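Here the structure is laid out as structure tokens; the discussion comes afterwards.
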Amino acid sequence: MAITNLTADQLRDMYLKFFESKGHKIIPGASVIPENDPTVLFTTAGMHPLVPYLMGQMPHPAGTRLTDVQKCVRTGDIDEVGDAAHLTFFEMLGNWSLNDYFKREAISWSFEFLTTKLGFDPSQLSVTVFRGEGKEGDEGYIPADEEAVEIWKSLGIPDERIYRLPREDNWWGPAGTTGPCGPDTEMFIDTGKEKCGPDCRPGCHCGKFIEIWNDVFMQYNKNEEGKFVPLGRHNVDTGMGVERTICMMTGAKTVYDTEIFAPIMAKIDELSSAEVVSKLSEEESLKARRVIADHMRTATFILCDPKGGVKPGNVGANYVLRRLIRRAIRYSRILGIAEGFTVKMAEVICEKYKHVYPELAANLEQCRADLEQEEKRFNATLDKGEAMYNKVAEQLKLHGQSQISGKTAFKLYDTFGFPIELTLEMAAKDGLTVDKAGFDEANLKHQELSRTTSAGSFKAGLQDNSEVVTRMHTATHLLHAALHQVLGPTANQKGSNITAERLRFDFAWGQKMTDEEKQKVEALVNKWIEEGIDVTMKMTTVEEAKAEGAMALFGAKYGDQVSLYSIGDISKEICCGPHVKNTKELGSFKIKKEEASSAGVRRIKAVIGNM
């Protein structure tokens with residue numbers, strides 16, 4: 001019988017010990033802010049910190065069998081948060097094989113954990129596998145994953161509960177147009193509900209089947225001709241979400257009804273105005289509570305991350321953080337919560353998680369300061385939005401009109417953060433209507449544009465281990481060293497983003513660089529490139545790296561062994577790579593722009609020339 005009173009703490013411990021018993025080394029989860037992965041704003045999956053090892057660029061110091069719990073942030077569906085399913089922050093349990101075991105072991109252990117540890121009856125289990133694509137000999141042909149089918153059958157899963165699905169359902173990667181990829185098999189628990197129709201199957205949203213686990217098998221490489229050829233090495237990447245599993249195990253209606261969210265939701269109820277809430281529908285109140293709980297949990301983890309550097313702002317990860325905080329503030333007003341609540345929420349969240357993630361307690365004071373500042377700033381912005389609404393309403397009445405256009409309503413929302421719900425409410429009081437359909441259309445266009453613009457930023461990142469990005473990455477190490485020489489040792493890296501066109505480097509510095517300083521930095525980097533200095537890597541400990549004067553995020557969690565990259569005597573940094581072998585390969589270096597990124601942080605955009 002399935003365990004019905006399982007807690008998140010118990011699940012984490014049970015999972016890690018199970019895979020430790022299978023020869024896996026427990027490794028620390030990485031920062032929620034990616035290290036040397038320019039393709040994502042946040043760590044969105046457990047595999048991100050392991051990319052160089054999955055690619056075979058270097059051996060992992062802990063071996064070929066690994067397991068951990070990874071903090072993840074995914075904000076692609078931020079506007080959907082508030083329903084029963086979506087979260088922007090979650091914990092992912094994972095185990096990996098780095099060219100070690102493959103499908104039989106991975107599937108068998110998944111089955112064993114679900115049935116013997118979590119107590120699910122095998123009859124509750126349905127699975128999906130990749131059904132294949134195209135015809136043999138054709139471009140893009142991929143054979144069906146019959147190996148996975150046979151393994152599931154050998155474990156007692158009958159053919160009628162093995163669903164063969166297309167690539168959009170049971171395939172991972174490549175992250176870009178080429179690279180490692182492969183089929184996956186997903187496990188679903190049958191809740192016992194009746195099927196919603198003849199096409200009901202795992203993946204259907206009716207609630208009959210709930211996904212609990214996913215095993216990805218990286219066994220192919222998609223080449224430039226579009227063909228899928230054997231990779232030459234095989235990896236396993238698995239994932240089980242803590243929140244979703246606890247919800248399923250305990251029979252909770254949603255993740256927000258589990259012990260994970262209990263103290264967070266209780267604090268929201270304590271801070272809410274009973275008089276205001278009594279005037280809301282149950283749906284309005286529920287959505288507001290969920291948005292606040294989710295967004296404040298995510299914002300707290302980002303602000304307390306040991307890597308640091310992400311503050312509320314207008315670009316990239318900073319903008320996402322700002323949007324999370326401000327959306328929580330907007331919904332707090334719906335519940336009548338008084339100003340200053342964000343700090344109180346962060347304190348409750350830190351208390352809930354600090355025994356698992358001690359960085360929350362260590363960085364709470366800075367988190368408080370950041371939240372206080374952003375909340376005050378946004379409340380002032382909302383007041384401006386209300387004033388703008390009043391001007392719009394006044395002009396409409398003056399001209400004998402009675403409807404606020406969708407374009408105007410969206411401008412109030414997008415520019416001033418003024419929620420459509422408030423616009424509708426105030427318009428009704430003023431005897432006006434709102435073109436809600438026009439607003440929805442403008443909002444949809446904005447979301448589609450945002451997704452298109454950030455598509456490269458949210459892809460799970462193997463695509464940028466290309467030659468040009470590898471050169472750019474090495475250039476950031478030289479830039480970091482040059483900034484230390486010109487500005488001083490406090491000009492430390494706060495973040496980076498690298499594409500094939502340019503590198504972006506954020507560093508701690510309180511004022512605009514002078515033209516002379518920029519020229520000196522650029523000249524130093526080009527001097528080192530011209531000198532043709534070898535780039536070397538060795539495995540060592542964090543303590544030994546410190547003793548050698550290496551630059552690293554020493555507040556972050558590291559394993560027993562780390563990779564230390566050295567560029568002669570110029571630069572020493574703990575880093576996962578990849579890097580060139582000699583600085584000559586960079587060609588040349590040119591600073592294109594230097595600007596403010598956030599308070600106390602500057603940003604350099606630069607390019608490298610041809611070899």
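Quick note on naming: the chains in the structure tokens go A, B, ... in the order shown, residues restart at 1 in each chain, and ligands are numbered from 1 in order of appearance.
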
Please list as a PDB file with C-alpha atoms, in the first residue's frame every residue within 7 Å of range 321-325 of chain A, counting only C-alpha atoms and excluding residues in the same chain fewer than 3 positions away.
ATOM      1  CA  HIS A 295       5.971  33.525  -6.227  1.00  0.00           C
ATOM      2  CA  MET A 296       7.275  34.400  -2.772  1.00  0.00           C
ATOM      3  CA  ALA A 299      11.720  34.867  -5.040  1.00  0.00           C
ATOM      4  CA  PRO A 312      14.954  42.884  -8.999  1.00  0.00           C
ATOM      5  CA  GLY A 313      15.640  44.669 -12.303  1.00  0.00           C
ATOM      6  CA  ALA A 317      16.887  36.965 -14.615  1.00  0.00           C
ATOM      7  CA  ASN A 318      16.591  40.262 -12.740  1.00  0.00           C
ATOM      8  CA  ALA A 328       2.756  38.589  -5.578  1.00  0.00           C
ATOM      9  CA  ILE A 329       2.275  42.192  -4.431  1.00  0.00           C
TER      10      ILE A 329
END

Next on the checklist: I'd like to know which residues of range 162-252 of chain A are strand (DSSP E or B) (by DSSP, run on the backbone); could you write them as number ranges by chain?
Outcome noted: A: 162-165, 171-172, 179-190, 209-222, 228-241

Please produce a file of those selected residues containing C-alpha atoms, as an mmCIF file, in the first residue's frame.
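Result file result20.cif:
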data_model
loop_
_atom_site.group_PDB
_atom_site.id
_atom_site.type_symbol
_atom_site.label_atom_id
_atom_site.label_comp_id
_atom_site.auth_asym_id
_atom_site.auth_seq_id
_atom_site.Cartn_x
_atom_site.Cartn_y
_atom_site.Cartn_z
ATOM 1 C CA ILE A 162 2.461 0.457 -22.151
ATOM 2 C CA TYR A 163 1.604 3.412 -24.362
ATOM 3 C CA ARG A 164 3.737 4.080 -27.449
ATOM 4 C CA LEU A 165 3.769 7.818 -28.079
ATOM 5 C CA TRP A 171 11.751 12.346 -26.541
ATOM 6 C CA TRP A 172 14.370 14.660 -25.063
ATOM 7 C CA GLY A 179 23.555 17.445 -30.388
ATOM 8 C CA PRO A 180 22.835 14.633 -27.888
ATOM 9 C CA CYS A 181 19.251 13.442 -27.553
ATOM 10 C CA GLY A 182 17.228 10.333 -27.002
ATOM 11 C CA PRO A 183 13.950 8.654 -26.062
ATOM 12 C CA ASP A 184 12.460 8.646 -22.604
ATOM 13 C CA THR A 185 10.010 6.535 -20.679
ATOM 14 C CA GLU A 186 7.548 8.184 -18.330
ATOM 15 C CA MET A 187 5.733 6.601 -15.401
ATOM 16 C CA PHE A 188 2.153 7.472 -14.426
ATOM 17 C CA ILE A 189 -0.011 6.492 -11.479
ATOM 18 C CA ASP A 190 -3.600 5.589 -12.360
ATOM 19 C CA PHE A 209 -3.167 9.553 -14.985
ATOM 20 C CA ILE A 210 -0.598 11.538 -12.981
ATOM 21 C CA GLU A 211 3.059 11.552 -14.040
ATOM 22 C CA ILE A 212 5.449 10.648 -11.241
ATOM 23 C CA TRP A 213 8.807 9.904 -12.899
ATOM 24 C CA ASN A 214 10.734 10.295 -16.141
ATOM 25 C CA ASP A 215 13.815 8.390 -17.341
ATOM 26 C CA VAL A 216 15.694 9.961 -20.276
ATOM 27 C CA PHE A 217 18.096 7.869 -22.343
ATOM 28 C CA MET A 218 20.676 9.959 -24.205
ATOM 29 C CA GLN A 219 21.842 7.573 -26.900
ATOM 30 C CA TYR A 220 21.722 9.518 -30.184
ATOM 31 C CA ASN A 221 23.392 12.501 -31.767
ATOM 32 C CA LYS A 222 21.428 14.578 -34.253
ATOM 33 C CA PHE A 228 20.016 10.558 -35.623
ATOM 34 C CA VAL A 229 23.125 8.455 -35.210
ATOM 35 C CA PRO A 230 24.295 6.496 -32.151
ATOM 36 C CA LEU A 231 26.079 8.839 -29.765
ATOM 37 C CA GLY A 232 28.940 6.492 -28.923
ATOM 38 C CA ARG A 233 28.228 6.870 -25.209
ATOM 39 C CA HIS A 234 25.009 6.483 -23.258
ATOM 40 C CA ASN A 235 23.737 8.520 -20.335
ATOM 41 C CA VAL A 236 20.684 8.279 -18.122
ATOM 42 C CA ASP A 237 19.015 11.404 -16.727
ATOM 43 C CA THR A 238 15.995 10.937 -14.461
ATOM 44 C CA GLY A 239 13.662 13.262 -12.617
ATOM 45 C CA MET A 240 11.016 13.013 -9.888
ATOM 46 C CA GLY A 241 9.406 16.193 -8.570
#

Next on the checklist: Run DSSP on the backbone and tell me which residues of range 157-310 of chain A come out as alpha helix (DSSP H); list them as number ranges by chain.
Outcome noted: A: 242-250, 262-271, 274-278, 282-303

Convert the current residue selection to file output with N, CA and C atoms, as a short mmCIF file (atom, residue, chain, number, x, y, z; two decimals), in the first residue's frame.
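Resulting contents of out-v8.cif:
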data_model
loop_
_atom_site.label_atom_id
_atom_site.label_comp_id
_atom_site.auth_asym_id
_atom_site.auth_seq_id
_atom_site.Cartn_x
_atom_site.Cartn_y
_atom_site.Cartn_z
N VAL A 242 9.55 16.62 -6.19
CA VAL A 242 9.19 16.42 -4.79
C VAL A 242 7.75 16.83 -4.52
N GLU A 243 7.38 18.03 -4.95
CA GLU A 243 6.05 18.55 -4.65
C GLU A 243 4.95 17.68 -5.24
N ARG A 244 5.10 17.31 -6.51
CA ARG A 244 4.08 16.51 -7.19
C ARG A 244 3.95 15.13 -6.54
N THR A 245 5.09 14.53 -6.18
CA THR A 245 5.06 13.20 -5.58
C THR A 245 4.39 13.23 -4.21
N ILE A 246 4.71 14.22 -3.39
CA ILE A 246 4.08 14.32 -2.08
C ILE A 246 2.58 14.54 -2.21
N CYS A 247 2.19 15.34 -3.17
CA CYS A 247 0.77 15.58 -3.42
C CYS A 247 0.05 14.27 -3.75
N MET A 248 0.66 13.50 -4.62
CA MET A 248 0.07 12.25 -5.04
C MET A 248 0.03 11.23 -3.90
N MET A 249 1.14 11.15 -3.16
CA MET A 249 1.25 10.15 -2.09
C MET A 249 0.25 10.40 -0.96
N THR A 250 0.02 11.67 -0.65
CA THR A 250 -0.84 12.00 0.49
C THR A 250 -2.30 12.17 0.11
N ALA A 262 1.88 24.26 3.78
CA ALA A 262 0.99 24.54 4.91
C ALA A 262 1.37 25.82 5.67
N PRO A 263 2.62 25.99 6.14
CA PRO A 263 2.93 27.22 6.89
C PRO A 263 2.89 28.48 6.03
N ILE A 264 3.17 28.32 4.74
CA ILE A 264 3.14 29.47 3.82
C ILE A 264 1.71 29.95 3.63
N MET A 265 0.80 29.01 3.36
CA MET A 265 -0.60 29.37 3.17
C MET A 265 -1.20 29.91 4.47
N ALA A 266 -0.79 29.34 5.60
CA ALA A 266 -1.31 29.81 6.89
C ALA A 266 -0.91 31.27 7.13
N LYS A 267 0.32 31.63 6.75
CA LYS A 267 0.78 33.00 6.94
C LYS A 267 -0.02 33.96 6.05
N ILE A 268 -0.30 33.54 4.84
CA ILE A 268 -1.09 34.38 3.93
C ILE A 268 -2.48 34.64 4.53
N ASP A 269 -3.09 33.58 5.08
CA ASP A 269 -4.42 33.73 5.68
C ASP A 269 -4.37 34.66 6.90
N GLU A 270 -3.28 34.55 7.67
CA GLU A 270 -3.12 35.40 8.85
C GLU A 270 -3.01 36.88 8.45
N LEU A 271 -2.31 37.16 7.36
CA LEU A 271 -2.08 38.54 6.93
C LEU A 271 -3.25 39.13 6.16
N ALA A 274 -9.97 39.73 6.62
CA ALA A 274 -11.18 38.90 6.59
C ALA A 274 -12.32 39.63 5.90
N GLU A 275 -12.41 40.93 6.12
CA GLU A 275 -13.48 41.72 5.52
C GLU A 275 -13.34 41.76 4.00
N VAL A 276 -12.12 41.96 3.51
CA VAL A 276 -11.89 42.01 2.07
C VAL A 276 -12.12 40.64 1.44
N VAL A 277 -11.59 39.60 2.07
CA VAL A 277 -11.71 38.25 1.52
C VAL A 277 -13.17 37.81 1.46
N SER A 278 -13.97 38.22 2.42
CA SER A 278 -15.38 37.82 2.45
C SER A 278 -16.16 38.31 1.23
N GLU A 282 -14.72 32.36 -4.06
CA GLU A 282 -13.75 31.35 -3.62
C GLU A 282 -12.63 31.21 -4.64
N GLU A 283 -12.96 31.30 -5.92
CA GLU A 283 -11.97 31.18 -6.98
C GLU A 283 -10.97 32.33 -6.94
N GLU A 284 -11.46 33.55 -6.73
CA GLU A 284 -10.58 34.72 -6.66
C GLU A 284 -9.62 34.62 -5.48
N SER A 285 -10.16 34.24 -4.34
CA SER A 285 -9.33 34.12 -3.13
C SER A 285 -8.28 33.02 -3.28
N LEU A 286 -8.70 31.87 -3.82
CA LEU A 286 -7.79 30.74 -3.97
C LEU A 286 -6.64 31.06 -4.91
N LYS A 287 -6.96 31.69 -6.04
CA LYS A 287 -5.90 32.03 -7.00
C LYS A 287 -4.90 33.00 -6.37
N ALA A 288 -5.39 34.01 -5.68
CA ALA A 288 -4.50 35.00 -5.07
C ALA A 288 -3.57 34.35 -4.06
N ARG A 289 -4.11 33.45 -3.23
CA ARG A 289 -3.30 32.77 -2.21
C ARG A 289 -2.21 31.92 -2.86
N ARG A 290 -2.57 31.23 -3.93
CA ARG A 290 -1.60 30.35 -4.60
C ARG A 290 -0.50 31.15 -5.29
N VAL A 291 -0.88 32.24 -5.96
CA VAL A 291 0.12 33.07 -6.63
C VAL A 291 1.11 33.63 -5.62
N ILE A 292 0.62 34.14 -4.50
CA ILE A 292 1.50 34.71 -3.48
C ILE A 292 2.42 33.63 -2.92
N ALA A 293 1.87 32.46 -2.60
CA ALA A 293 2.67 31.37 -2.03
C ALA A 293 3.77 30.93 -2.97
N ASP A 294 3.41 30.68 -4.23
CA ASP A 294 4.39 30.22 -5.22
C ASP A 294 5.45 31.28 -5.48
N HIS A 295 5.02 32.49 -5.81
CA HIS A 295 5.97 33.52 -6.23
C HIS A 295 6.91 33.94 -5.10
N MET A 296 6.40 34.01 -3.88
CA MET A 296 7.28 34.40 -2.77
C MET A 296 8.27 33.28 -2.43
N ARG A 297 7.85 32.03 -2.59
CA ARG A 297 8.79 30.93 -2.37
C ARG A 297 9.91 31.00 -3.40
N THR A 298 9.57 31.20 -4.66
CA THR A 298 10.59 31.28 -5.71
C THR A 298 11.50 32.48 -5.50
N ALA A 299 10.92 33.65 -5.24
CA ALA A 299 11.72 34.87 -5.04
C ALA A 299 12.67 34.73 -3.87
N THR A 300 12.21 34.10 -2.79
CA THR A 300 13.06 33.91 -1.61
C THR A 300 14.26 33.03 -1.92
N PHE A 301 14.04 31.94 -2.65
CA PHE A 301 15.15 31.06 -3.01
C PHE A 301 16.14 31.76 -3.93
N ILE A 302 15.64 32.59 -4.86
CA ILE A 302 16.55 33.31 -5.76
C ILE A 302 17.37 34.33 -4.98
N LEU A 303 16.72 35.10 -4.13
CA LEU A 303 17.42 36.15 -3.39
C LEU A 303 18.39 35.60 -2.37
#

Checklist entry - Nearest to Phe120 in chain A among A:Glu394, A:Glu531, A:His24, A:Thr4, with distances taken over only C-alpha atoms: which residue is it? => result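 Closest to Phe120 in chain A of all the choices is A:Thr4.
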
Next on the checklist: Excluding Val580 in chain A and its own-chain neighbours fewer than 5 positions away, which residues fall within 9 Å of it when counting only C-alpha atoms? Please give them as a ChimeraX atom specification.
Outcome noted: /A:467,470-471,473-474,534-535,585-586

N, CA and C atoms of the current selection, written as a PDB file, in the first residue's frame:
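Dumped to again22.pdb:
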ATOM      1  N   GLU A 467      32.165  25.838 -30.753  1.00  0.00           N
ATOM      2  CA  GLU A 467      33.518  26.401 -30.760  1.00  0.00           C
ATOM      3  C   GLU A 467      33.523  27.882 -30.424  1.00  0.00           C
ATOM      4  N   THR A 470      32.632  28.455 -26.773  1.00  0.00           N
ATOM      5  CA  THR A 470      33.758  28.014 -25.943  1.00  0.00           C
ATOM      6  C   THR A 470      34.834  29.096 -25.895  1.00  0.00           C
ATOM      7  N   ARG A 471      35.097  29.724 -27.044  1.00  0.00           N
ATOM      8  CA  ARG A 471      36.077  30.821 -27.077  1.00  0.00           C
ATOM      9  C   ARG A 471      35.585  32.003 -26.249  1.00  0.00           C
ATOM     10  N   HIS A 473      33.572  31.924 -23.747  1.00  0.00           N
ATOM     11  CA  HIS A 473      33.619  31.559 -22.326  1.00  0.00           C
ATOM     12  C   HIS A 473      35.021  31.769 -21.757  1.00  0.00           C
ATOM     13  N   THR A 474      36.016  31.334 -22.493  1.00  0.00           N
ATOM     14  CA  THR A 474      37.390  31.542 -22.040  1.00  0.00           C
ATOM     15  C   THR A 474      37.705  33.025 -21.939  1.00  0.00           C
ATOM     16  N   ASP A 534      48.717  28.869 -22.561  1.00  0.00           N
ATOM     17  CA  ASP A 534      47.996  27.596 -22.469  1.00  0.00           C
ATOM     18  C   ASP A 534      46.940  27.654 -21.362  1.00  0.00           C
ATOM     19  N   VAL A 535      45.806  26.997 -21.632  1.00  0.00           N
ATOM     20  CA  VAL A 535      44.724  26.871 -20.649  1.00  0.00           C
ATOM     21  C   VAL A 535      44.752  25.433 -20.144  1.00  0.00           C
ATOM     22  N   GLU A 585      43.564  31.130 -29.604  1.00  0.00           N
ATOM     23  CA  GLU A 585      42.349  30.728 -30.302  1.00  0.00           C
ATOM     24  C   GLU A 585      41.248  31.785 -30.218  1.00  0.00           C
ATOM     25  N   LEU A 586      41.391  32.761 -29.315  1.00  0.00           N
ATOM     26  CA  LEU A 586      40.357  33.779 -29.157  1.00  0.00           C
ATOM     27  C   LEU A 586      40.414  34.835 -30.255  1.00  0.00           C
TER      28      LEU A 586
END

Checklist entry - How far is it from CA of Leu364 in chain A to CA of Lys512 in chain A, in Å with one decimal? => result 29.0 Å

Item to check | Atom-to-atom span, CA of Leu11 in chain A and CA of Gly46 in chain A, Å | outcome: 16.8 Å

Item to check | Contacts of Ser571 in chain A within 10 Å, only C-alpha atoms, excl. fewer than 6 positions in-chain, as a ChimeraX atom specification | outcome: /A:477-482,535,549-551,565

Write the residues of the selection above to a file with all heavy atoms, as a PDB file, in the first residue's frame.
ATOM      1  N   HIS A 477      36.984  34.644 -18.611  1.00  0.00           N
ATOM      2  CA  HIS A 477      37.997  34.442 -17.572  1.00  0.00           C
ATOM      3  C   HIS A 477      39.098  35.509 -17.686  1.00  0.00           C
ATOM      4  O   HIS A 477      39.562  36.046 -16.671  1.00  0.00           O
ATOM      5  CB  HIS A 477      38.601  33.044 -17.695  1.00  0.00           C
ATOM      6  CG  HIS A 477      37.709  31.960 -17.173  1.00  0.00           C
ATOM      7  ND1 HIS A 477      38.133  30.999 -16.279  1.00  0.00           N
ATOM      8  CD2 HIS A 477      36.402  31.687 -17.411  1.00  0.00           C
ATOM      9  CE1 HIS A 477      37.133  30.169 -16.012  1.00  0.00           C
ATOM     10  NE2 HIS A 477      36.076  30.568 -16.693  1.00  0.00           N
ATOM     11  N   LEU A 478      39.505  35.788 -18.915  1.00  0.00           N
ATOM     12  CA  LEU A 478      40.509  36.835 -19.109  1.00  0.00           C
ATOM     13  C   LEU A 478      39.956  38.205 -18.721  1.00  0.00           C
ATOM     14  O   LEU A 478      40.651  39.021 -18.108  1.00  0.00           O
ATOM     15  CB  LEU A 478      40.959  36.853 -20.568  1.00  0.00           C
ATOM     16  CG  LEU A 478      41.750  35.634 -21.062  1.00  0.00           C
ATOM     17  CD1 LEU A 478      42.096  35.801 -22.541  1.00  0.00           C
ATOM     18  CD2 LEU A 478      43.023  35.433 -20.243  1.00  0.00           C
ATOM     19  N   LEU A 479      38.707  38.465 -19.067  1.00  0.00           N
ATOM     20  CA  LEU A 479      38.065  39.733 -18.715  1.00  0.00           C
ATOM     21  C   LEU A 479      38.001  39.883 -17.201  1.00  0.00           C
ATOM     22  O   LEU A 479      38.286  40.967 -16.657  1.00  0.00           O
ATOM     23  CB  LEU A 479      36.673  39.787 -19.325  1.00  0.00           C
ATOM     24  CG  LEU A 479      35.789  40.975 -18.916  1.00  0.00           C
ATOM     25  CD1 LEU A 479      36.458  42.300 -19.251  1.00  0.00           C
ATOM     26  CD2 LEU A 479      34.419  40.876 -19.591  1.00  0.00           C
ATOM     27  N   HIS A 480      37.606  38.816 -16.519  1.00  0.00           N
ATOM     28  CA  HIS A 480      37.527  38.840 -15.053  1.00  0.00           C
ATOM     29  C   HIS A 480      38.885  39.190 -14.446  1.00  0.00           C
ATOM     30  O   HIS A 480      39.001  40.034 -13.549  1.00  0.00           O
ATOM     31  CB  HIS A 480      37.051  37.468 -14.555  1.00  0.00           C
ATOM     32  CG  HIS A 480      36.525  37.477 -13.157  1.00  0.00           C
ATOM     33  ND1 HIS A 480      36.124  36.333 -12.502  1.00  0.00           N
ATOM     34  CD2 HIS A 480      36.341  38.493 -12.265  1.00  0.00           C
ATOM     35  CE1 HIS A 480      35.697  36.639 -11.299  1.00  0.00           C
ATOM     36  NE2 HIS A 480      35.823  37.938 -11.124  1.00  0.00           N
ATOM     37  N   ALA A 481      39.934  38.549 -14.958  1.00  0.00           N
ATOM     38  CA  ALA A 481      41.284  38.820 -14.456  1.00  0.00           C
ATOM     39  C   ALA A 481      41.713  40.254 -14.740  1.00  0.00           C
ATOM     40  O   ALA A 481      42.339  40.920 -13.907  1.00  0.00           O
ATOM     41  CB  ALA A 481      42.271  37.829 -15.090  1.00  0.00           C
ATOM     42  N   ALA A 482      41.377  40.752 -15.925  1.00  0.00           N
ATOM     43  CA  ALA A 482      41.748  42.121 -16.296  1.00  0.00           C
ATOM     44  C   ALA A 482      41.031  43.142 -15.411  1.00  0.00           C
ATOM     45  O   ALA A 482      41.613  44.155 -15.007  1.00  0.00           O
ATOM     46  CB  ALA A 482      41.417  42.373 -17.767  1.00  0.00           C
ATOM     47  N   VAL A 535      45.806  26.997 -21.632  1.00  0.00           N
ATOM     48  CA  VAL A 535      44.724  26.871 -20.649  1.00  0.00           C
ATOM     49  C   VAL A 535      44.752  25.433 -20.144  1.00  0.00           C
ATOM     50  O   VAL A 535      44.660  24.490 -20.932  1.00  0.00           O
ATOM     51  CB  VAL A 535      43.351  27.183 -21.275  1.00  0.00           C
ATOM     52  CG1 VAL A 535      42.242  27.061 -20.230  1.00  0.00           C
ATOM     53  CG2 VAL A 535      43.349  28.574 -21.900  1.00  0.00           C
ATOM     54  N   GLY A 549      44.734  30.567  -4.628  1.00  0.00           N
ATOM     55  CA  GLY A 549      44.240  31.890  -4.991  1.00  0.00           C
ATOM     56  C   GLY A 549      43.172  31.867  -6.065  1.00  0.00           C
ATOM     57  O   GLY A 549      42.946  32.870  -6.743  1.00  0.00           O
ATOM     58  N   ALA A 550      42.502  30.728  -6.230  1.00  0.00           N
ATOM     59  CA  ALA A 550      41.485  30.614  -7.279  1.00  0.00           C
ATOM     60  C   ALA A 550      40.256  31.444  -6.948  1.00  0.00           C
ATOM     61  O   ALA A 550      39.879  31.588  -5.788  1.00  0.00           O
ATOM     62  CB  ALA A 550      41.084  29.152  -7.459  1.00  0.00           C
ATOM     63  N   MET A 551      39.625  31.980  -7.992  1.00  0.00           N
ATOM     64  CA  MET A 551      38.357  32.678  -7.837  1.00  0.00           C
ATOM     65  C   MET A 551      37.239  31.664  -7.970  1.00  0.00           C
ATOM     66  O   MET A 551      37.266  30.806  -8.860  1.00  0.00           O
ATOM     67  CB  MET A 551      38.208  33.768  -8.892  1.00  0.00           C
ATOM     68  CG  MET A 551      39.129  34.954  -8.670  1.00  0.00           C
ATOM     69  SD  MET A 551      38.823  36.312  -9.820  1.00  0.00           S
ATOM     70  CE  MET A 551      39.681  35.720 -11.277  1.00  0.00           C
ATOM     71  N   TYR A 565      40.430  25.621 -13.582  1.00  0.00           N
ATOM     72  CA  TYR A 565      40.993  26.047 -14.856  1.00  0.00           C
ATOM     73  C   TYR A 565      41.986  27.181 -14.626  1.00  0.00           C
ATOM     74  O   TYR A 565      41.675  28.158 -13.934  1.00  0.00           O
ATOM     75  CB  TYR A 565      39.900  26.521 -15.806  1.00  0.00           C
ATOM     76  CG  TYR A 565      39.190  25.384 -16.518  1.00  0.00           C
ATOM     77  CD1 TYR A 565      38.088  24.769 -15.949  1.00  0.00           C
ATOM     78  CD2 TYR A 565      39.644  24.930 -17.750  1.00  0.00           C
ATOM     79  CE1 TYR A 565      37.445  23.718 -16.600  1.00  0.00           C
ATOM     80  CE2 TYR A 565      39.004  23.893 -18.417  1.00  0.00           C
ATOM     81  CZ  TYR A 565      37.907  23.287 -17.828  1.00  0.00           C
ATOM     82  OH  TYR A 565      37.286  22.258 -18.478  1.00  0.00           O
TER      83      TYR A 565
END

Checklist entry - Near Gly63 in chain A, counting only C-alpha atoms, which residues have an atom at most 12 Å away, once you skip same-chain residues fewer than 3 positions from it, shown as a list in words? => result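 So, after excluding close chain neighbours, the residues are Gly23, His24, Lys25, Ile26, Ile27, Tyr53, Leu54, Met58, Pro59, His60, Leu66, Thr67, Trp96, Ser97, Leu98, Asn99, Asp100, Gly559, Asp560 and Gln561 of chain A.
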
Kindly save the residues from that selection, with C-alpha atoms included, as a compact mmCIF listing (two decimals), in the first residue's frame.
# COMPACT_ATOMS: atom_id res chain seq x y z
CA GLY A 23 26.23 2.56 -6.05
CA HIS A 24 25.40 6.23 -6.60
CA LYS A 25 27.34 9.01 -4.95
CA ILE A 26 25.17 11.69 -3.32
CA ILE A 27 26.30 15.07 -4.67
CA TYR A 53 30.03 15.45 -17.69
CA LEU A 54 27.07 14.24 -19.74
CA MET A 58 35.60 15.52 -18.37
CA PRO A 59 35.07 12.82 -15.75
CA HIS A 60 32.89 13.74 -12.78
CA LEU A 66 25.27 10.26 -9.19
CA THR A 67 22.15 11.31 -7.28
CA TRP A 96 22.38 9.86 -13.42
CA SER A 97 24.47 7.36 -15.26
CA LEU A 98 27.46 8.89 -17.03
CA ASN A 99 28.17 6.25 -19.67
CA ASP A 100 27.65 3.58 -17.00
CA GLY A 559 31.49 18.35 -4.23
CA ASP A 560 34.62 16.70 -2.89
CA GLN A 561 36.46 17.45 -6.13

Checklist entry - What lies within 6 Å of range 28-34 of chain A using only C-alpha atoms, ignoring chain neighbours under 2 positions off, as a VMD selection string? => result chain A and resid 37 42 to 43 68 to 71

Item to check | Pick from A:Gly192, A:Gly140, A:Gly56, A:Pro202 nearest to Val127 in chain A, counting only C-alpha atoms | outcome: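 Nearest to Val127 in chain A: A:Pro202.
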
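For Asn492 in chain A, the set of protein, DNA and RNA residues having any atom at most 8 Å away, when counting only C-alpha atoms and skipping those fewer than 6 positions along the same chain, is His480, His484, Phe507 and Ala508 of chain A.
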
Export, as a PDB file, in the first residue's frame, the selected residues with C-alpha atoms.
ATOM      1  CA  HIS A 480      37.527  38.840 -15.053  1.00  0.00           C
ATOM      2  CA  HIS A 484      40.809  42.679 -11.077  1.00  0.00           C
ATOM      3  CA  PHE A 507      30.590  42.330 -12.046  1.00  0.00           C
ATOM      4  CA  ALA A 508      30.465  44.125  -8.710  1.00  0.00           C
TER       5      ALA A 508
END
